[in-house]
>>> print(open('work_19.csv').read())   # CSV, C-alpha atoms
chain,number,residue,atom,x,y,z
A,1,MET,CA,32.7,206.5,87.0
A,2,THR,CA,35.6,207.4,89.2
A,3,ARG,CA,39.1,207.9,88.0
A,4,ARG,CA,40.2,204.6,89.4
A,5,MET,CA,37.4,202.8,87.7
A,6,TRP,CA,38.5,204.3,84.4
A,7,MET,CA,42.0,203.1,85.2
A,8,ALA,CA,40.7,199.5,85.7
A,9,VAL,CA,38.7,199.6,82.4
A,10,ILE,CA,41.8,200.9,80.5
A,11,SER,CA,44.0,198.2,82.2
A,12,LEU,CA,41.7,195.4,81.2
A,13,ALA,CA,41.5,196.6,77.6
A,14,GLY,CA,45.3,196.8,77.5
A,15,LEU,CA,45.6,193.3,79.0
A,16,PHE,CA,43.7,191.9,76.1
A,17,ILE,CA,46.0,193.6,73.6
A,18,GLY,CA,49.0,192.1,75.5
A,19,ILE,CA,47.5,188.6,75.5
A,20,TYR,CA,46.6,188.9,71.8
A,21,LEU,CA,50.1,189.8,70.8
A,22,THR,CA,51.6,187.2,73.1
A,23,LEU,CA,49.4,184.5,71.5
A,24,TYR,CA,50.6,185.7,68.1
A,25,HIS,CA,54.2,185.5,69.2
A,26,TYR,CA,53.9,181.9,70.2
A,27,GLY,CA,52.1,181.0,66.9
A,28,ILE,CA,48.7,180.4,68.5
A,29,ILE,CA,47.1,183.1,66.3
A,30,GLY,CA,48.0,182.8,62.7
A,31,THR,CA,48.2,186.4,61.4
A,32,LEU,CA,47.7,189.7,63.1
A,33,ALA,CA,44.8,191.9,62.2
A,34,CYS,CA,46.8,194.9,61.0
A,35,GLY,CA,45.1,197.2,58.6
A,36,VAL,CA,47.5,200.1,58.5
A,37,GLY,CA,50.9,199.4,59.9
A,38,SER,CA,53.5,196.6,59.6
A,39,CYS,CA,52.6,194.6,62.7
A,40,GLU,CA,54.4,191.4,61.5
A,41,ARG,CA,57.7,193.3,61.0
A,42,VAL,CA,57.6,194.7,64.4
A,43,GLN,CA,56.4,191.6,66.2
A,44,THR,CA,59.0,189.4,64.4
A,45,SER,CA,61.9,191.8,64.9
A,46,ARG,CA,64.7,191.1,67.4
A,47,TYR,CA,63.2,193.9,69.6
A,48,SER,CA,60.1,191.9,70.1
A,49,MET,CA,61.9,190.2,73.0
A,50,PHE,CA,63.2,191.7,76.2
A,51,LEU,CA,65.2,189.7,78.7
A,52,GLY,CA,64.2,186.5,76.9
A,53,VAL,CA,60.4,187.3,77.3
A,54,PRO,CA,58.2,188.7,74.5
A,55,VAL,CA,57.6,192.4,74.9
A,56,ALA,CA,53.9,191.7,74.5
A,57,THR,CA,54.1,189.5,77.6
A,58,TRP,CA,55.8,192.2,79.5
A,59,GLY,CA,52.9,194.5,78.5
A,60,ALA,CA,50.3,191.9,79.6
A,61,GLY,CA,52.2,191.7,83.0
A,62,TYR,CA,52.1,195.5,83.3
A,63,TYR,CA,48.4,195.6,82.7
A,64,VAL,CA,47.7,192.7,85.1
A,65,LEU,CA,49.6,194.5,87.9
A,66,MET,CA,47.9,197.8,87.1
A,67,LEU,CA,44.5,196.2,87.1
A,68,ALA,CA,45.1,194.3,90.3
A,69,ILE,CA,46.4,197.4,92.1
A,70,THR,CA,43.6,199.6,90.8
A,71,MET,CA,40.9,197.1,91.7
A,72,ALA,CA,42.4,196.9,95.2
A,73,ARG,CA,42.3,200.7,95.4
A,74,ILE,CA,38.6,200.8,94.5
A,75,GLN,CA,37.8,198.7,97.6
A,76,PRO,CA,36.8,200.9,100.6
A,77,THR,CA,39.3,199.3,102.9
A,78,LEU,CA,42.3,200.1,100.6
A,79,GLU,CA,41.1,203.3,98.9
A,80,ASP,CA,43.5,205.5,100.9
A,81,SER,CA,46.5,203.2,100.9
A,82,ALA,CA,49.6,205.3,100.5
A,83,GLY,CA,51.6,202.2,99.4
A,84,LEU,CA,49.2,201.4,96.6
A,85,THR,CA,49.1,205.0,95.4
A,86,LEU,CA,52.9,205.0,95.2
A,87,ALA,CA,52.9,201.6,93.5
A,88,THR,CA,50.5,202.9,90.9
A,89,ALA,CA,52.6,206.0,90.2
A,90,VAL,CA,55.8,203.9,89.9
A,91,LEU,CA,54.2,201.3,87.7
A,92,ALA,CA,52.6,204.0,85.4
A,93,THR,CA,55.9,205.8,85.1
A,94,TRP,CA,57.8,202.6,84.3
A,95,GLY,CA,55.2,201.8,81.7
A,96,LEU,CA,55.5,205.2,80.1
A,97,ILE,CA,59.3,205.0,79.9
A,98,PHE,CA,59.2,201.5,78.5
A,99,THR,CA,56.5,202.4,75.9
A,100,ALA,CA,58.5,205.5,74.8
A,101,TRP,CA,61.5,203.3,74.2
A,102,LEU,CA,59.5,200.8,72.2
A,103,ASN,CA,58.0,203.6,70.1
A,104,TYR,CA,61.5,205.0,69.5
A,105,LEU,CA,62.6,201.5,68.2
A,106,GLU,CA,59.6,201.3,65.9
A,107,GLY,CA,60.1,204.7,64.5
A,108,PHE,CA,63.9,205.0,64.3
A,109,VAL,CA,65.3,201.4,64.3
A,110,ILE,CA,62.8,199.0,62.9
A,111,HIS,CA,61.2,201.7,60.6
A,112,ALA,CA,57.8,200.1,60.9
A,113,TRP,CA,54.7,200.7,63.0
A,114,CYS,CA,52.4,198.2,64.7
A,115,GLU,CA,48.9,199.7,65.3
A,116,TRP,CA,48.4,197.4,68.3
A,117,CYS,CA,51.5,198.7,69.9
A,118,LEU,CA,50.4,202.3,69.2
A,119,GLY,CA,47.0,201.5,70.7
A,120,SER,CA,48.7,200.1,73.8
A,121,ALA,CA,51.0,203.1,73.9
A,122,GLY,CA,47.9,205.3,74.0
A,123,LEU,CA,46.4,203.4,76.9
A,124,VAL,CA,49.7,203.5,78.8
A,125,VAL,CA,49.8,207.3,78.3
A,126,LEU,CA,46.2,207.6,79.6
A,127,LEU,CA,47.1,205.4,82.6
A,128,PHE,CA,50.1,207.6,83.3
A,129,LEU,CA,48.0,210.8,83.2
A,130,LEU,CA,45.4,209.4,85.5
A,131,ALA,CA,48.0,208.1,87.9
A,132,LEU,CA,49.7,211.5,87.8
A,133,LEU,CA,46.4,213.1,88.9
A,134,GLU,CA,46.0,210.5,91.6
A,135,TRP,CA,49.5,211.3,92.9
A,136,ARG,CA,48.9,215.0,92.8
A,137,ASP,CA,45.7,214.6,94.8
A,138,TYR,CA,47.5,212.3,97.2
A,139,ARG,CA,50.2,214.9,97.8
A,140,LYS,CA,47.5,217.4,98.5
A,141,GLY,CA,45.9,215.0,100.9
A,142,GLY,CA,42.3,213.9,101.2
A,143,VAL,CA,40.7,210.6,100.5
A,144,ALA,CA,37.8,212.3,98.7
A,145,ASP,CA,40.1,213.5,95.9
A,146,LEU,CA,41.8,210.1,95.6
A,147,THR,CA,38.6,208.4,94.7
A,148,GLY,CA,38.1,210.8,91.8
A,149,GLY,CA,36.0,213.5,93.4
A,150,GLU,CA,32.9,211.5,94.4
A,151,ASN,CA,32.9,212.0,98.1
A,152,ILE,CA,29.7,210.6,99.5
A,153,ALA,CA,30.3,212.5,102.8
A,154,ASP,CA,29.8,215.9,101.1
B,1,MET,CA,15.3,227.0,115.8
B,2,ALA,CA,14.8,223.4,116.7
B,3,PRO,CA,12.7,222.5,113.7
B,4,LYS,CA,15.2,224.1,111.5
B,5,ARG,CA,18.0,221.8,112.9
B,6,VAL,CA,15.8,218.8,112.3
B,7,GLU,CA,15.2,219.9,108.7
B,8,ALA,CA,18.9,220.4,108.2
B,9,GLY,CA,19.7,217.0,109.7
B,10,ARG,CA,17.1,215.4,107.4
B,11,GLY,CA,18.5,217.1,104.4
B,12,ARG,CA,22.1,215.9,105.2
B,13,LYS,CA,20.8,212.3,105.8
B,14,SER,CA,18.8,212.3,102.6
B,15,GLY,CA,21.9,213.7,100.8
B,16,VAL,CA,24.0,210.9,102.1
B,17,VAL,CA,21.5,208.3,101.2
B,18,LYS,CA,21.1,209.8,97.7
B,19,ALA,CA,24.9,209.9,97.3
B,20,ARG,CA,25.3,206.3,98.5
B,21,LYS,CA,22.6,205.2,96.0
B,22,GLN,CA,24.4,207.1,93.2
B,23,SER,CA,27.7,205.5,94.3
B,24,SER,CA,26.1,202.0,94.3
B,25,THR,CA,24.8,202.6,90.8
B,26,THR,CA,28.2,203.8,89.6
B,27,THR,CA,29.9,200.7,91.1
B,28,ARG,CA,27.3,198.4,89.5
B,29,ALA,CA,27.8,200.1,86.1
B,30,PHE,CA,31.6,199.8,86.5
B,31,TYR,CA,31.4,196.1,87.2
B,32,LEU,CA,29.1,195.6,84.3
B,33,ILE,CA,31.5,197.4,82.0
B,34,ILE,CA,34.4,195.3,83.3
B,35,ALA,CA,32.4,192.1,82.8
B,36,ALA,CA,31.4,193.2,79.3
B,37,ILE,CA,35.0,193.9,78.3
B,38,ALA,CA,36.2,190.6,79.8
B,39,ILE,CA,33.5,188.6,78.0
B,40,VAL,CA,34.1,190.3,74.6
B,41,GLY,CA,37.9,190.0,75.1
B,42,VAL,CA,37.9,186.3,76.0
B,43,ALA,CA,35.4,185.5,73.2
B,44,ALA,CA,37.6,187.4,70.6
B,45,LEU,CA,40.8,185.7,71.7
B,46,THR,CA,39.1,182.3,71.8
B,47,TYR,CA,37.9,182.8,68.2
B,48,LEU,CA,41.2,184.1,67.0
B,49,SER,CA,43.2,181.2,68.5
B,50,THR,CA,40.9,178.5,67.3
B,51,ARG,CA,40.1,179.6,63.8
B,52,PRO,CA,41.9,177.9,60.9
B,53,LYS,CA,45.4,179.5,60.6
B,54,ASN,CA,45.5,179.6,56.8
B,55,VAL,CA,42.4,181.6,56.2
B,56,ALA,CA,44.1,185.0,55.8
B,57,THR,CA,47.6,183.7,54.8
B,58,VAL,CA,46.7,182.5,51.3
B,59,SER,CA,45.5,185.2,48.9
B,60,GLN,CA,45.3,185.8,45.2
B,61,ILE,CA,48.4,187.3,43.6
B,62,ASP,CA,48.0,190.8,42.2
B,63,THR,CA,49.0,190.3,38.5
B,64,THR,CA,49.7,194.0,38.1
B,65,LEU,CA,52.8,193.9,40.4
B,66,PRO,CA,56.3,193.7,38.9
B,67,LYS,CA,57.4,190.2,37.7
B,68,VAL,CA,60.0,188.2,39.5
B,69,GLU,CA,61.3,186.0,36.6
B,70,SER,CA,64.6,187.8,36.1
B,71,HIS,CA,65.6,187.9,39.8
B,72,GLY,CA,66.8,185.5,42.4
B,73,TYR,CA,68.3,182.0,42.5
B,74,VAL,CA,66.5,179.0,40.9
B,75,LEU,CA,66.5,175.4,42.0
B,76,GLY,CA,64.8,172.7,39.9
B,77,SER,CA,63.8,171.9,36.4
B,78,ALA,CA,63.4,174.7,33.8
B,79,ASN,CA,60.5,172.6,32.4
B,80,ALA,CA,58.7,172.3,35.7
B,81,PRO,CA,55.0,173.2,35.3
B,82,LEU,CA,54.9,175.4,38.3
B,83,GLU,CA,57.2,177.9,39.8
B,84,VAL,CA,57.3,178.9,43.5
B,85,THR,CA,59.0,182.1,44.5
B,86,GLU,CA,60.1,182.6,48.1
B,87,PHE,CA,60.9,186.0,49.4
B,88,GLY,CA,63.2,185.3,52.3
B,89,ASP,CA,65.5,187.0,54.8
B,90,PHE,CA,68.5,184.9,55.9
B,91,GLU,CA,68.3,186.3,59.5
B,92,CYS,CA,64.5,186.0,59.9
B,93,PRO,CA,63.8,183.2,62.5
B,94,ALA,CA,60.6,182.2,60.7
B,95,CYS,CA,62.4,181.7,57.4
B,96,GLY,CA,65.0,179.6,59.3
B,97,THR,CA,62.3,177.4,60.8
B,98,PHE,CA,60.7,177.0,57.3
B,99,SER,CA,64.1,176.2,55.7
B,100,VAL,CA,65.1,173.7,58.2
B,101,LEU,CA,61.8,171.9,59.0
B,102,THR,CA,59.6,172.3,55.9
B,103,GLU,CA,61.6,173.0,52.9
B,104,PRO,CA,63.5,169.7,52.7
B,105,GLU,CA,60.2,167.8,52.4
B,106,ILE,CA,58.9,170.3,49.8
B,107,ARG,CA,62.1,169.9,47.7
B,108,LYS,CA,61.9,166.1,48.0
B,109,ARG,CA,58.2,165.8,47.0
B,110,PHE,CA,57.9,168.6,44.4
B,111,VAL,CA,61.3,170.1,43.3
B,112,ASP,CA,63.2,166.8,43.0
B,113,ALA,CA,60.2,165.3,41.2
B,114,GLY,CA,60.5,168.0,38.5
B,115,GLN,CA,57.1,169.5,39.3
B,116,VAL,CA,58.2,172.7,40.9
B,117,ARG,CA,60.9,175.2,40.2
B,118,TRP,CA,61.9,177.0,43.4
B,119,ARG,CA,63.1,180.6,43.2
B,120,PHE,CA,64.6,182.4,46.2
B,121,ILE,CA,64.7,186.2,46.3
B,122,ASP,CA,66.3,188.2,49.1
B,123,ASP,CA,64.1,190.4,51.2
B,124,PRO,CA,66.5,191.7,53.8
B,125,LEU,CA,64.4,193.3,56.6
B,126,PRO,CA,65.7,196.5,58.1
B,127,MET,CA,65.7,195.2,61.7
B,128,HIS,CA,68.2,192.5,60.9
B,129,GLN,CA,71.6,194.0,61.0
B,130,ASN,CA,73.6,191.0,59.7
B,131,THR,CA,71.2,189.9,57.0
B,132,TRP,CA,72.8,192.0,54.2
B,133,GLN,CA,76.2,190.4,54.9
B,134,ALA,CA,74.4,187.0,54.6
B,135,SER,CA,72.7,187.9,51.4
B,136,ARG,CA,75.9,189.2,49.8
B,137,ALA,CA,77.8,186.1,50.9
B,138,ALA,CA,75.1,183.9,49.4
B,139,ALA,CA,75.4,185.8,46.1
B,140,CYS,CA,79.2,185.2,46.3
B,141,ALA,CA,78.6,181.5,46.8
B,142,ASP,CA,76.3,181.6,43.8
B,143,GLU,CA,79.2,182.9,41.7
B,144,GLN,CA,80.8,179.5,42.4
B,145,GLY,CA,77.6,177.5,41.8
B,146,LYS,CA,77.0,176.9,45.5
B,147,PHE,CA,74.1,179.1,46.3
B,148,TRP,CA,71.8,176.4,47.6
B,149,PRO,CA,74.2,174.6,49.9
B,150,TYR,CA,75.2,178.0,51.2
B,151,HIS,CA,71.6,179.0,51.6
B,152,ASP,CA,70.9,175.9,53.7
B,153,MET,CA,74.1,176.4,55.7
B,154,LEU,CA,73.1,180.0,56.6
B,155,TYR,CA,69.7,178.9,57.9
B,156,GLN,CA,71.1,175.9,59.8
B,157,THR,CA,73.6,178.1,61.5
B,158,GLN,CA,71.5,181.2,61.9
B,159,ASP,CA,71.9,181.5,65.7
B,160,GLN,CA,75.7,181.6,65.2
B,161,TRP,CA,75.9,184.7,63.0
B,162,ASN,CA,72.7,186.7,63.6
B,163,THR,CA,72.7,190.1,65.2
B,164,GLU,CA,72.4,188.8,68.7
B,165,ALA,CA,75.4,186.5,68.3
B,166,THR,CA,78.0,188.6,66.5
B,167,SER,CA,78.9,192.0,65.2
B,168,ASN,CA,81.3,190.5,62.7
B,169,PRO,CA,79.2,188.1,60.6
B,170,ASP,CA,81.6,188.2,57.6
B,171,LYS,CA,84.0,186.0,59.7
B,172,PHE,CA,81.3,183.3,59.9
B,173,MET,CA,80.4,183.8,56.2
B,174,LYS,CA,84.0,183.1,55.2
B,175,HIS,CA,84.2,180.1,57.5
B,176,TYR,CA,81.1,178.5,56.0
B,177,ALA,CA,82.5,179.0,52.5
B,178,GLN,CA,85.6,177.2,53.6
B,179,GLN,CA,83.5,174.4,55.0
B,180,LEU,CA,81.6,174.0,51.7
B,181,GLY,CA,84.8,173.8,49.8
B,182,LEU,CA,84.5,177.1,47.9
B,183,ASN,CA,87.5,178.9,46.5
B,184,THR,CA,88.1,181.0,49.6
B,185,GLN,CA,90.3,183.6,48.0
B,186,GLN,CA,87.7,184.4,45.4
B,187,PHE,CA,84.9,184.2,48.0
B,188,ASP,CA,86.6,186.5,50.6
B,189,GLN,CA,87.4,189.1,48.0
B,190,CYS,CA,83.8,189.0,46.8
B,191,VAL,CA,82.5,189.5,50.3
B,192,ASP,CA,85.1,192.2,51.2
B,193,THR,CA,84.3,194.3,48.2
B,194,LYS,CA,80.5,193.9,48.6
B,195,LYS,CA,80.4,192.8,45.0
B,196,TYR,CA,76.7,191.9,44.9
B,197,GLN,CA,75.4,194.8,47.0
B,198,ALA,CA,73.5,196.2,44.0
B,199,LYS,CA,72.0,192.8,43.2
B,200,ILE,CA,70.7,192.4,46.8
B,201,GLN,CA,69.4,196.0,46.7
B,202,ALA,CA,67.4,195.1,43.5
B,203,HIS,CA,65.9,192.1,45.3
B,204,ALA,CA,64.9,194.2,48.3
B,205,ALA,CA,63.4,196.8,45.9
B,206,LEU,CA,61.4,194.1,44.2
B,207,ALA,CA,60.1,192.8,47.5
B,208,GLU,CA,59.1,196.4,48.4
B,209,GLN,CA,57.4,196.9,45.0
B,210,ARG,CA,55.5,193.7,45.4
B,211,LYS,CA,54.4,194.8,48.8
B,212,VAL,CA,55.8,191.7,50.6
B,213,MET,CA,54.7,192.4,54.1
B,214,GLN,CA,56.5,189.6,55.9
B,215,THR,CA,59.1,186.9,55.4
B,216,PRO,CA,58.9,184.2,54.3
B,217,THR,CA,56.3,185.0,51.6
B,218,PHE,CA,55.7,182.5,48.8
B,219,LEU,CA,54.2,183.1,45.3
B,220,VAL,CA,52.7,179.8,44.2
B,221,GLY,CA,51.2,180.1,40.8
B,222,THR,CA,48.2,182.4,41.3
B,223,GLN,CA,48.4,182.3,45.1
B,224,GLN,CA,50.4,184.2,47.6
B,225,VAL,CA,51.2,182.4,50.9
B,226,ALA,CA,52.4,184.6,53.8
B,227,GLY,CA,54.4,183.3,56.7
B,228,ALA,CA,56.3,180.1,57.6
B,229,GLN,CA,53.4,177.9,56.9
B,230,PRO,CA,53.5,174.2,57.8
B,231,TYR,CA,54.1,171.6,55.1
B,232,ASP,CA,50.4,170.8,54.6
B,233,VAL,CA,49.5,174.4,53.7
B,234,ILE,CA,52.3,174.8,51.2
B,235,ALA,CA,51.8,171.3,49.7
B,236,LYS,CA,48.1,171.9,49.3
B,237,THR,CA,48.6,175.2,47.6
B,238,ILE,CA,51.2,173.7,45.3
B,239,THR,CA,48.9,170.7,44.5
B,240,ASP,CA,46.0,173.0,43.8
B,241,GLU,CA,48.1,175.1,41.5
B,242,LEU,CA,49.5,172.1,39.7
B,243,ALA,CA,46.0,170.9,39.1
B,244,LYS,CA,45.1,174.3,37.6
B,245,ALA,CA,48.2,174.1,35.4
B,246,GLY,CA,47.0,170.7,34.2
B,247,ALA,CA,49.9,168.8,35.7
B,248,LYS,CA,49.5,165.6,37.7
B,249,PRO,CA,50.8,166.1,41.2
B,250,ALA,CA,53.6,163.7,42.3
B,251,VAL,CA,52.8,161.1,45.0
B,252,GLY,CA,56.4,160.1,45.7
B,253,GLY,CA,59.7,161.8,45.9
B,254,ASP,CA,61.4,160.3,42.9
B,255,THR,CA,63.2,162.6,40.6
B,256,ALA,CA,61.5,162.8,37.2
B,257,LYS,CA,63.4,161.5,34.3
B,258,GLY,CA,65.0,164.2,32.2
B,259,ALA,CA,64.5,166.9,34.8
B,260,THR,CA,67.5,169.1,35.2
B,261,VAL,CA,67.4,169.4,39.0
B,262,GLN,CA,70.2,171.4,40.7
B,263,LYS,CA,70.6,169.4,43.9
B,264,PRO,CA,71.1,171.5,47.1
B,265,GLY,CA,74.2,169.6,47.9
B,266,SER,CA,75.8,170.0,44.5
>>> encode(input="work_19.csv", output="structure tokens")
Amino acid sequence: MTRRMWMAVISLAGLFIGIYLTLYHYGIIGTLACGVGSCERVQTSRYSMFLGVPVATWGAGYYVLMLAITMARIQPTLEDSAGLTLATAVLATWGLIFTAWLNYLEGFVIHAWCEWCLGSAGLVVLLFLLALLEWRDYRKGGVADLTGGENIAD
Amino acid sequence: MAPKRVEAGRGRKSGVVKARKQSSTTTRAFYLIIAAIAIVGVAALTYLSTRPKNVATVSQIDTTLPKVESHGYVLGSANAPLEVTEFGDFECPACGTFSVLTEPEIRKRFVDAGQVRWRFIDDPLPMHQNTWQASRAAACADEQGKFWPYHDMLYQTQDQWNTEATSNPDKFMKHYAQQLGLNTQQFDQCVDTKKYQAKIQAHAALAEQRKVMQTPTFLVGTQQVAGAQPYDVIAKTITDELAKAGAKPAVGGDTAKGATVQKPGS
């Protein structure tokens, strides 16, 4: 699979984590499956909201955007779109900064860890690294590299 | 030379076809993986959002954990056949929802009827910056025999004094004491000197030792109920435990004769 395809798979997996935590926030799911950490403490803390919207919903929005952009970039007509490459890089960077802030809050302010948040943080880091490689290849130039190295013209 | 060129051309063409086939296979595999994740994800979320909510919230109490009897604030008859202990955080929104929406009916049906003795133990969560002030103030109200009215007042006004609303919750604590007719000089001094800090710390330590994972958490006889459950869940657990204790559950809200009920408004 190409790098972009992996990004889409990761985004979709992350989207389900975001939806799961959002459903919990609105009381649609009774309790969180949380074997190791203190998910309830994190999810019911005052930091579980950002600008009046649950952090989990922001996360779901991030993954929806990343999935949509990545799926578009997989299509032959948009695979060398500079705008979409830039959008991916900006979104991935924003996601990484936001996730870093949330993990800081969990560790140093709330003093509790939510394994779902940590799982999501892992996915965000992976997306950032893949987006970074995409950006590096874009700066070097060449559509072949942007699709992850599978150039059918070779 | 010419045949060589033809061979080279054929090779390139066949390479392109082979690569296209490989690309097509990869794309198909990718969409299959996406579809599989989507189906599993949607199925899991559908299951989780439609299953009965109280399955994982009611569990057996671990009898080896430290006892709660010498801690907290008690409402209801000393002779009640069943005791319910609530671990609560005054700033926790779920506790506020329970206190305002569910607890009045529980009190009316079970506590006022002399069947349940209700115990409240502070579990101030670390992320709530004003909850310690609230717990200390409630302890100061208890000093003047007004814990329960103050408890109710704190939950009803939670959005006025919580961390989002103010950085000076003591101002609100003193105002509520005045509203409830407490001796304000005594109350203010109690609040200012953090007189009951050690008591609240003991309550928090007990919650920690009992591995209370969320607020509110209720100990109902042999059962532990986690979260701000609706009336039906709490009432059913109480009724089941009363039956185990051999007591006949009340059907009305009348106060039992002889019961020494401390009314919330007293």
>>> residues_around(input="work_19.csv", residues="A:Ala87", least_positions_apart="5", cutoff="12 Å", atoms="only C-alpha atoms", output="PyMOL selection string")
chain A and resi 62+65-70+72-73+81-82+92-94+131-132+134-135
>>> write_last_selection(input="work_19.csv", atoms="C-alpha atoms", output="mmCIF file, in the coordinates of the input")
data_model
loop_
_atom_site.group_PDB
_atom_site.id
_atom_site.type_symbol
_atom_site.label_atom_id
_atom_site.label_comp_id
_atom_site.auth_asym_id
_atom_site.auth_seq_id
_atom_site.Cartn_x
_atom_site.Cartn_y
_atom_site.Cartn_z
ATOM 1 C CA TYR A 62 52.100 195.500 83.300
ATOM 2 C CA LEU A 65 49.600 194.500 87.900
ATOM 3 C CA MET A 66 47.900 197.800 87.100
ATOM 4 C CA LEU A 67 44.500 196.200 87.100
ATOM 5 C CA ALA A 68 45.100 194.300 90.300
ATOM 6 C CA ILE A 69 46.400 197.400 92.100
ATOM 7 C CA THR A 70 43.600 199.600 90.800
ATOM 8 C CA ALA A 72 42.400 196.900 95.200
ATOM 9 C CA ARG A 73 42.300 200.700 95.400
ATOM 10 C CA SER A 81 46.500 203.200 100.900
ATOM 11 C CA ALA A 82 49.600 205.300 100.500
ATOM 12 C CA ALA A 92 52.600 204.000 85.400
ATOM 13 C CA THR A 93 55.900 205.800 85.100
ATOM 14 C CA TRP A 94 57.800 202.600 84.300
ATOM 15 C CA ALA A 131 48.000 208.100 87.900
ATOM 16 C CA LEU A 132 49.700 211.500 87.800
ATOM 17 C CA GLU A 134 46.000 210.500 91.600
ATOM 18 C CA TRP A 135 49.500 211.300 92.900
#
>>> residues_around(input="work_19.csv", residues="A:Phe16", least_positions_apart="5", cutoff="12 Å", atoms="only C-alpha atoms", output="ChimeraX atom specification")
/A:9-11,21-23,56-57,59-64,67,116,119-120,123 /B:37-46
>>> closest_residue(input="work_19.csv", among="B:Ala29, B:Leu75, B:Leu65, B:Met213", to="B:Gly88", atoms="only C-alpha atoms")
B:Met213
>>> atom_distance(input="work_19.csv", atom1="atom CA of A:Cys34", atom2="atom CA of B:Val225")
16.7 Å
>>> interface_residues(input="work_19.csv", of="chain A", to="chain B", cutoff="7 Å", atoms="all atoms listed in the file", output="ChimeraX atom specification")
/A:1,5,9,16,20,28-30,40-41,45,109-110,152-153
>>> closest_residue(input="work_19.csv", among="B:Ala235, B:Val84, B:Leu180, B:Ala139", to="B:Arg109", atoms="only C-alpha atoms")
B:Ala235
>>> residues_around(input="work_19.csv", residues="stretch 183-195 of chain B", least_positions_apart="5", cutoff="9 Å", atoms="all atoms listed in the file", output="ChimeraX atom specification")
/B:133,136-137,139-141,143-144,170,173-175,177-178
>>> closest_residue(input="work_19.csv", among="B:Thr222, B:Thr217, B:Gln179, B:Thr157", to="B:Cys95", atoms="only C-alpha atoms")
B:Thr217
>>> atom_distance(input="work_19.csv", atom1="atom CA of B:Trp161", atom2="atom CA of B:Asn130")
7.5 Å
>>> atom_distance(input="work_19.csv", atom1="atom CA of A:Cys117", atom2="atom CA of A:His25")
13.5 Å
>>> closest_residue(input="work_19.csv", among="A:Ala33, A:Leu102, A:Leu96, A:Leu51", to="A:Leu129", atoms="all atoms listed in the file")
A:Leu96
>>> closest_residue(input="work_19.csv", among="A:Leu86, A:Ala100, A:Ala112, A:Met71", to="A:Arg136", atoms="all atoms listed in the file")
A:Leu86
>>> closest_residue(input="work_19.csv", among="A:Pro54, A:Gly95, A:Pro76, A:Gly18", to="A:Leu127", atoms="only C-alpha atoms")
A:Gly95
